[in-house]
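Asks: Here it is: the structure, laid out below.
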2 protein chains.
Amino acid sequence: MGDSLSRTIKQIKPLDSKAMEAARGRQDELTKPKGSLGRLEELSIQIAGIRGKVIAGFEHKAIITIAADHGVVNERVTLYPQEVTAQMVSNFLSGGAAINVLARFVGTRVIVVDMGVASDLPSHSGLICRKIAYGTKNMAQQAAMTSDEAVSSIEVGIEIVEAEIAKGLDIVGTGDMGIGNTTPSSAICAAITGEPVEKVTGRGEGLDNEQLAHKVRVIEKALALNKPNPREPIGVLAKVGGFEIGGLAGVMLGAAAHHIPVVIDGFISGAASLIATELSPSLKNYLIPAHLSAESGHKVLLQYLELTPLLNLEMRLGEGTGAALGMTIVEAAVKTLAEMATFTEAGVSQISDGLSP
Amino acid sequence: MGDSLSRTIKQIKPLDSKAMEAARGRQDELTKPKGSLGRLEELSIQIAGIRGKVIAGFEHKAIITIAADHGVVNERVTLYPQEVTAQMVSNFLSGGAAINVLARFVGTRVIVVDMGVASDLPSHSGLICRKIAYGTKNMAQQAAMTSDEAVSSIEVGIEIVEAEIAKGLDIVGTGDMGIGNTTPSSAICAAITGEPVEKVTGRGEGLDNEQLAHKVRVIEKALALNKPNPREPIGVLAKVGGFEIGGLAGVMLGAAAHHIPVVIDGFISGAASLIATELSPSLKNYLIPAHLSAESGHKVLLQYLELTPLLNLEMRLGEGTGAALGMTIVEAAVKTLAEMATFTEAGVSQISDGLSP
């Protein structure tokens, strides 16, 4: 394990229980029946625990969207050609993708990172180029990457989020782009949760039944060949993972080490969170699962992690689109805690002891 | 039935199928796998059908929050004293309630209406005073209101939303305030859906088991006494309803008559939608259920209406708080349709005929 990764894991601490208690106390004084804001109340308390203060500002928000390619596309597991990864990165940079529209709408920046696109991308002021390689190897034939590359991908994720934190980041969301990346995500999900490949493999961009069955066989072959050990997350990432998945795991760990909440997107980000929480179980308290993806493995991995998604809008796009919407719910939660009047301030009668009148 | 109500019901037309087809066509050209934005795509198509155009702007948004009191509180069905209705209206007007915070956050105005608070409220530039009476009668002893009052309450709702439409409203959300108003809402829900009172009655602000059982008995008594006919929605509203519930039914009908989408809040707004859709079955296409309330009857009535809520955040506050969050999801949906690049514009390869490469 690399130095920066070990240091980061050691830095992840339990949440601040005093701040959480104070936030819970304030929620109970606000002009509403106790608990009536449901998950908004829970979120506001979690954020207080993460930030170590009752009222946290959300001035600086970002979605980190990491792109990479996957050698396993040679096994014909996707409908879109591999070149679409690079084309979509250009689309992100010119602001025309779903993540751009949703991030603009919710007031969040999008940070676009190339960690392993299979071609050289034209340089662009908005693109962070930290390529580990030109795509992973085909995991149905060999390990997707070396252990060193796996550690590097996580450490690059840590560096990227730390650079944003140095500029004042308050909350981060995760996003991904990579043609074929539901395949390694399903493989990671099967390896770590122990569930059958069939149960954690979905239709990606829209596979039919036969294509889905083929995808399942490819993943089973990759797992049989590489034999990832579920208790060795770096090994799982190296054998059947992807560079963007490693990078997102790093973003999560780096954010948590600095008391920054992480809104996790859908299935690919979920696979990254499996790797990251195996490396640091304390990380889980810093994660907010934005939504339940329509990709079938996502439900399995969220249940394994005992995380309940905020939204279920049947989305399955990735890019951070779910995270953008989830982040706005988190911000709404924090605003209620910060801005609502208390019973005393508003002159509203509190609950009586027993029934009224 | 009043003239304005009959006219409004006649004005509610089916959605514009041509605009919907064009919106669906455009969604399929945007840079993402078909259908991958899930309910956002469906919402954008529904809005196109309601507005009669593919790209609808959301410049003018409002939540109409209607307050009223309920004679049935004399049966001791609530924990908060009745005076809290008036106190919360003051809180709305000074901007300290949850609905104010959430509406500010999502960029929506809150229109506060008194349709039957049990006391005279101080006049305020932000308060629309259209009191039908000083609260309903106790429905466990007699009809909650007369048929004329029921029709008036709906027509006031129509007038209020029409006044906003005249000023350029693009989308409206519903909200309520009224201590005790889960009781008439459960009664309406039982009367119209035919489900047992026990199944549609919840804990409101936090009743314990014994208090809940008492509330169920009070509602059963009110239904046995008043015998509302489920096919006569004005009669149901008069016998076991509330002024804010009638008003919100009017808001829904008036909005739909003018091709304005309606984001419905939780259980009380849901009860209003039961009344309103009985009056005009075509209304349903104009409704967007924002969230699933933690109040148990809400699930029953949404299933009865075959409406699927956008959010489930275990909220049960009312005021329009769920509608405010739901409205921002609708706006996000419309933005993706309006602002995303097409495959051609972005130079992104479309799906290949069969698997890649």
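Residues are referred to by chain and number: the chain letter is A, B, ... according to the order shown in the structure tokens, the number counts from 1 in that chain, and ligands are numbered separately from 1 in the order shown.
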Once DSSP has gone over the backbone, tell me which residues of stretch 181-343 of chain A are in strand (DSSP E or B), as a list of chain:residue names.
Replies: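 Those residues are A:Val262, A:Val263, A:Ile264, A:Leu287, A:Ile288, A:Pro289, A:His291, A:Leu311, A:Thr342.
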Asks: Which residues, written as a VMD selection string, have at least one atom at most 10 Å from stretch 123-128 of chain A, with only C-alpha atoms counted and residues fewer than 5 positions away on the same chain left out?
Replies: chain A and resid 66 89 to 90 92 to 94 110 to 115 160
Asks: List the spatial neighbours of B:Gly135 as a PyMOL selection string - criterion: any atom at most 9 Å away, only C-alpha atoms, same-chain residues fewer than 6 positions off excluded.
Replies: chain B and resi 68-71+115-119+144+242-243
Asks: Calculated over only C-alpha atoms, which of the candidates B:His291, B:Arg7, B:Lys335, B:Arg316 has the smallest distance to B:Val54?
Replies: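 Ranking B:His291, B:Arg7, B:Lys335, B:Arg316 by distance to B:Val54, first place goes to B:Lys335.
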Asks: Extract the full set of alpha helix (DSSP H) residues from stretch 238-332 of chain B according to DSSP on the backbone, and format it as a PyMOL selection string.
Replies: chain B and resi 238-240+243-257+267-279+297-305+321-332
Asks: Using only C-alpha atoms, determine which residues lie at most 12 Å from A:Ala163, disregarding the query and same-chain residues fewer than 4 positions distant; provide the list as a list of chain:residue names.
Replies: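 With the cut-off at 12 Å, the set is A:Ala62, A:Ile64, A:Ile111, A:Ile128, A:Val156, A:Gly157, A:Ile158, A:Glu159, A:Lys167, A:Gly168, A:Leu169, A:Val251, A:Gly254, A:Ala255, A:His258.
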Asks: Which residues come within 9 Å of B:Leu305, counting only C-alpha atoms, excluding same-chain residues fewer than 6 positions away, as a ChimeraX atom specification?
Replies: /B:273-274,277,284
Asks: Let me make sure I understand: among A:Asn229, A:Gln141, A:Ser44, A:Gln211, which one has the smallest atom-to-atom distance to chain B if we use only C-alpha atoms?
Replies: A:Gln211
Asks: So that I can check the surroundings of B:Leu40, please list as a list in words every protein, DNA and RNA residue that reaches within 8 Å of it, counting only C-alpha atoms and ignoring chain neighbours fewer than 3 positions away.
Replies: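 Residues meeting the cut-off are Leu313 and Met315 of chain A; Leu37, Leu43, Ser44, Ile329, Val330, Ala332, Ala333 and Val334 of chain B.
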Asks: Export N, CA, C and O atoms of the chosen residues as a tab-separated table (two decimals), in the first residue's frame?
Replies:
```
chain	number	residue	atom	x	y	z
A	313	LEU	N	-35.21	7.25	-8.73
A	313	LEU	CA	-35.82	7.85	-9.92
A	313	LEU	C	-35.56	6.99	-11.16
A	313	LEU	O	-35.68	7.45	-12.28
A	315	MET	N	-32.94	6.01	-12.49
A	315	MET	CA	-31.85	6.50	-13.33
A	315	MET	C	-30.74	5.44	-13.41
A	315	MET	O	-30.57	4.65	-12.49
B	37	LEU	N	-32.20	8.30	-18.02
B	37	LEU	CA	-32.55	9.29	-16.99
B	37	LEU	C	-33.87	8.95	-16.30
B	37	LEU	O	-34.38	9.73	-15.49
B	43	LEU	N	-40.98	12.65	-16.69
B	43	LEU	CA	-41.47	13.95	-16.22
B	43	LEU	C	-41.38	14.99	-17.31
B	43	LEU	O	-42.31	15.78	-17.51
B	44	SER	N	-40.26	15.00	-18.03
B	44	SER	CA	-40.09	16.02	-19.07
B	44	SER	C	-41.13	15.85	-20.17
B	44	SER	O	-41.60	16.82	-20.76
B	329	ILE	N	-37.11	18.53	-8.59
B	329	ILE	CA	-36.84	17.36	-9.44
B	329	ILE	C	-37.51	17.55	-10.81
B	329	ILE	O	-36.91	17.25	-11.85
B	330	VAL	N	-38.72	18.07	-10.80
B	330	VAL	CA	-39.41	18.32	-12.07
B	330	VAL	C	-38.63	19.34	-12.90
B	330	VAL	O	-38.44	19.17	-14.11
B	332	ALA	N	-35.45	19.96	-12.74
B	332	ALA	CA	-34.24	19.28	-13.22
B	332	ALA	C	-34.55	18.48	-14.49
B	332	ALA	O	-33.78	18.49	-15.45
B	333	ALA	N	-35.68	17.81	-14.48
B	333	ALA	CA	-36.08	16.99	-15.63
B	333	ALA	C	-36.25	17.85	-16.87
B	333	ALA	O	-35.76	17.52	-17.96
B	334	VAL	N	-36.93	18.97	-16.69
B	334	VAL	CA	-37.19	19.87	-17.82
B	334	VAL	C	-35.89	20.47	-18.34
B	334	VAL	O	-35.70	20.63	-19.56
```
